[in-house]
Amino acid sequence: MSNDISQNNKRIAKNTMLLYFRTFITMIVGLYTSRVMLQALGIENYGINAAIGGIVGMSSILTVAMSVAISRYITFALGKGDESQLKQMFSTSINAQILLSVVIALILEIIGVWFLNSEANIPVERLYAANWVLQCSIVSLAISLISSPFNATIVAHERMSAFAYVSIAEAILRLAVCFIIQIYNGDRLILFAILQIFVAIVIQSFYAIYCKRNFSEATYHLRTFDKGLLKELTVFSSWTILNSGAWTFSTQGVNMLINVFFGVTYNASRNIATAVNGAVQSFVGNFTTAFSPQITKSYAIGNVEYAVLLVNRATKFTLLLMYIFVVPVCMESEMILHLWLGDNVPALAPLFLRLAMFESLTVTSGSNLLKLVQANGNIKRYSIDTALYAGMVFPICWGAFRMGAPVWASYVIFIIIFFTQNFIRYANVKRLMHFSVKQHFKDCLWPFMKVAIMSFTLPICISYLLEGGIIRFLIISGISISWTILCCYILGLSKNEKQFLLSKIKSLTNRLG
C-alpha cells in the first residue's frame, strides 16, 4: 500500500510539473494575445465579444454538467480496470454530446439571437458583427462539446504531457491569429470570430488523433449507444446541472446583467480582470487537475481515507499557491494593467482585478470537496443544497443593480455567498463518508489563514515608503512574492511537508551540481 501511495505521489508530482509547463505557455501567450486583441479590436469590440461570450456561456448549464459526468465515469471505469465499460462509455458519451450540441445550437439560435438583437446593450452599428460572433461562437462550442470525451480520456489516463504538447501548438495558432488581425483592414471582430473556429478544429483534432493512437478504448462507433450508461450519465449530469447552472448564472449571467445595466465598457473591464485571474487560476489549478484522477480512482477501489487525504492536501496547496499571486497582483494591479495594456486600461479594471483574485480564492477553497462528492457519485442532495444557495448570486446582483448599486458590488456578493457555501459542502460530505471538518480546518484552512494575514503586512508597510512607478512595482512585486513564499513555508506547511520539500530541493541541487 505504501509503495502504491509513493507511486501515486510521484505521478501527481510529474503531472503537476507537466501541467505547469503547459500553463506557463498558455498564460504568457494568453496575456500577450489579450493585449494585442484589445488594441486591435478596441474597447467597444472587445466588450462586445465578452458580452456575447456571456450569452453563449449560459449554455454551459448543460455542457459543463455532461462533461463532468463523462469525465467522472471514464475515470471511475479506468480505476476499476473495466475496459469493456470504457469502450462503451467512450462511444456512448460522444453520441450523447452530438445530440446535446444539436439541442444547445437550437436553443442559442432562438433565445440567444433574440436576446442579442432585442435586450443586449450593443451599439446598433455593431449588431451585424455581433451576430457573426454569436454564430461562430455556437460552432466553436459544438466542436468543444463533441471532443470533450477525448479530453476526459487523456485526464483519466493521467497523460498530462499531451496537454503540454498541444499548448505549444495552440500558442502558435493564437499568436498567428493576433498577427492576422493586426494587418487586416476589414471588420476585425468578424475575422477574429471565424479564426476562433479554425483554432478550435485544429486543437480538438489533435486530441482526437492522440487518443486514437494511445488508448484502445478511444475508438468511436456510431451505433454504440448503451442506454444503461446513457441513463447513468443523464441522472448524474441532471443533478450536476443544478451546480453548473448556479455557477453559470453567477458568472456569465452576471456578465449579461452588467451589459444590460452598465454597457460593453464594463464588460471589457470584467473580461480583462477575468483574463489575468484566469491565467493565475489555471496555473494554480494544476494541482486540482493532477490530483483529481487519483481522488476518483482511490474512491473507486474503496480507499476513501486516501481520497480524503488527497482532497485536504490539494485544498491547502492550491490556496497557498494562489496567495503567492494574490499579494503582488493586489498590491500593484494598476501598474500590472498599465504595463500589460498600455493606455488602454478600461474603467475600474484594477478594482475588478483585485476583487476577482479573492473571488477565485473562495471558489478554490471548496472545489476539491466537489471532486470527492463526484467520486462518490451520490450527488443529488449535494447538488440541490449548493445550487439553491449559490444560485442567489444572480437575483441578488439583479436586485442590487436595480437599486443603484455600483458595478463592483457583484464581486462582493459572489465572494460572500461562495465562501459561506463551504459550510453546506462540509455537511454534505460528512453525510456521504467519514470526513472530519475539524481535521480539514486544522490541515488546510488554519495554516492558510495564518499565511493570508501575515503575507500582506510587509508589502503594505514598504509600499507607504515608496512613490508609485516602475521602481516601486519591481520592489513591491519581488518582496510580495518572496515574503509570501516564506510565510507559506513557515506558517503553511507541516513538519513532514517541510522535510519533503527540503529533500526534493537538495536532490535537485545535487543533480544539477
# chains A, B, ... in the order shown; residues from 1 in each chain; ligands from 1
>>> select_by_dssp(residues="range 175-412 of chain A", states="helix (DSSP H, G or I)", output="PyMOL selection string")
chain A and resi 175-183+188-214+227-262+264-284+286-300+304-331+333-341+349-376+380-390+393-402+409-412
>>> closest_residue(among="A:Ile416, A:Ala356, A:Ile301, A:Val133", to="Val276 in chain A", atoms="only C-alpha atoms")
A:Ala356
>>> atom_distance(atom1="CA of Ile194 in chain A", atom2="CA of Val177 in chain A")
10.1 Å
>>> residues_around(residues="range 438-450 of chain A", least_positions_apart="5", cutoff="9 Å", atoms="only C-alpha atoms", output="NGL selection string")
:A and (312-317 or 319-320 or 323 or 365 or 455 or 487-488 or 491-494)
>>> closest_residue(among="A:Phe435, A:Phe414, A:Phe192, A:Phe150", to="Val304 in chain A", atoms="only C-alpha atoms")
A:Phe435
>>> closest_residue(among="A:Leu78, A:Val429, A:Val345, A:Val412", to="Val373 in chain A", atoms="only C-alpha atoms")
A:Val429
>>> residues_around(residues="Phe262 in chain A", least_positions_apart="5", cutoff="10 Å", atoms="only C-alpha atoms", output="ChimeraX atom specification")
/A:121,256-257,267,401,406-407
>>> closest_residue(among="A:Thr457, A:Thr484, A:Thr251, A:Asn376", to="Ala390 in chain A", atoms="only C-alpha atoms")
A:Thr251
>>> residues_around(residues="range 327-334 of chain A", least_positions_apart="6", cutoff="9 Å", atoms="only C-alpha atoms", output="list in words")
Val345, Ala349, Pro350, Leu351, Leu353, Arg354, Leu355, Met357, Ala452, Ser455, Phe456, Pro459, Ile460, Ser463, Arg472, Phe473, Ile476, Ser477, Gly478, Ile479, Ser480, Ile481 and Thr484 of chain A
>>> atom_distance(atom1="CA of Ile413 in chain A", atom2="CA of Gly391 in chain A")
11.4 Å
>>> residues_around(residues="Gln204 in chain A", least_positions_apart="4", cutoff="7 Å", atoms="only C-alpha atoms", output="PyMOL selection string")
chain A and resi 147+200+208
>>> write_last_selection(atoms="N, CA and C atoms", output="mmCIF file, in the first residue's frame")
data_model
loop_
_atom_site.group_PDB
_atom_site.id
_atom_site.type_symbol
_atom_site.label_atom_id
_atom_site.label_comp_id
_atom_site.auth_asym_id
_atom_site.auth_seq_id
_atom_site.Cartn_x
_atom_site.Cartn_y
_atom_site.Cartn_z
ATOM 1 N N SER A 147 -15.814 16.976 -28.658
ATOM 2 C CA SER A 147 -14.466 16.483 -28.374
ATOM 3 C C SER A 147 -14.183 16.288 -26.876
ATOM 4 N N ALA A 200 -10.126 26.077 -32.896
ATOM 5 C CA ALA A 200 -10.835 25.010 -32.171
ATOM 6 C C ALA A 200 -10.761 23.686 -32.922
ATOM 7 N N ALA A 208 -8.148 14.209 -30.568
ATOM 8 C CA ALA A 208 -8.787 13.010 -31.120
ATOM 9 C C ALA A 208 -7.751 12.039 -31.682
#
>>> atom_distance(atom1="CA of Ala273 in chain A", atom2="CA of Phe352 in chain A")
5.8 Å
>>> residues_around(residues="Ala307 in chain A", least_positions_apart="3", cutoff="8 Å", atoms="only C-alpha atoms", output="mmCIF file with N, CA, C and O atoms, in the first residue's frame")
data_model
loop_
_atom_site.group_PDB
_atom_site.id
_atom_site.type_symbol
_atom_site.label_atom_id
_atom_site.label_comp_id
_atom_site.auth_asym_id
_atom_site.auth_seq_id
_atom_site.Cartn_x
_atom_site.Cartn_y
_atom_site.Cartn_z
ATOM 1 N N GLN A 294 -6.590 10.751 -9.268
ATOM 2 C CA GLN A 294 -6.223 9.904 -8.138
ATOM 3 C C GLN A 294 -7.315 9.878 -7.075
ATOM 4 O O GLN A 294 -7.537 8.848 -6.424
ATOM 5 N N ILE A 295 -8.014 11.003 -6.885
ATOM 6 C CA ILE A 295 -9.128 11.045 -5.934
ATOM 7 C C ILE A 295 -10.220 10.075 -6.366
ATOM 8 O O ILE A 295 -10.716 9.263 -5.579
ATOM 9 N N THR A 296 -10.588 10.137 -7.651
ATOM 10 C CA THR A 296 -11.658 9.278 -8.170
ATOM 11 C C THR A 296 -11.239 7.809 -8.176
ATOM 12 O O THR A 296 -12.009 6.924 -7.785
ATOM 13 N N SER A 298 -8.923 6.304 -6.321
ATOM 14 C CA SER A 298 -8.805 5.806 -4.946
ATOM 15 C C SER A 298 -10.173 5.465 -4.382
ATOM 16 O O SER A 298 -10.356 4.441 -3.710
ATOM 17 N N TYR A 299 -11.142 6.327 -4.656
ATOM 18 C CA TYR A 299 -12.501 6.065 -4.171
ATOM 19 C C TYR A 299 -13.096 4.828 -4.861
ATOM 20 O O TYR A 299 -13.808 4.037 -4.238
ATOM 21 N N ASN A 303 -10.600 2.976 -1.256
ATOM 22 C CA ASN A 303 -9.650 3.632 -0.351
ATOM 23 C C ASN A 303 -10.104 5.065 -0.095
ATOM 24 O O ASN A 303 -9.499 6.039 -0.557
ATOM 25 N N VAL A 304 -11.188 5.207 0.666
ATOM 26 C CA VAL A 304 -11.802 6.509 0.917
ATOM 27 C C VAL A 304 -10.881 7.397 1.754
ATOM 28 O O VAL A 304 -10.789 8.609 1.522
ATOM 29 N N LEU A 310 -6.031 13.181 0.007
ATOM 30 C CA LEU A 310 -5.665 13.906 -1.213
ATOM 31 C C LEU A 310 -6.445 15.208 -1.339
ATOM 32 O O LEU A 310 -5.900 16.236 -1.761
ATOM 33 N N VAL A 311 -7.722 15.182 -0.983
ATOM 34 C CA VAL A 311 -8.554 16.394 -1.053
ATOM 35 C C VAL A 311 -8.027 17.458 -0.099
ATOM 36 O O VAL A 311 -7.903 18.628 -0.461
ATOM 37 N N LEU A 372 -14.598 15.121 -4.430
ATOM 38 C CA LEU A 372 -14.836 13.996 -3.533
ATOM 39 C C LEU A 372 -16.274 13.508 -3.635
ATOM 40 O O LEU A 372 -16.537 12.304 -3.662
#
>>> closest_residue(among="A:Phe206, A:Trp132, A:Phe76, A:Phe325", to="Ala193 in chain A", atoms="only C-alpha atoms")
A:Trp132
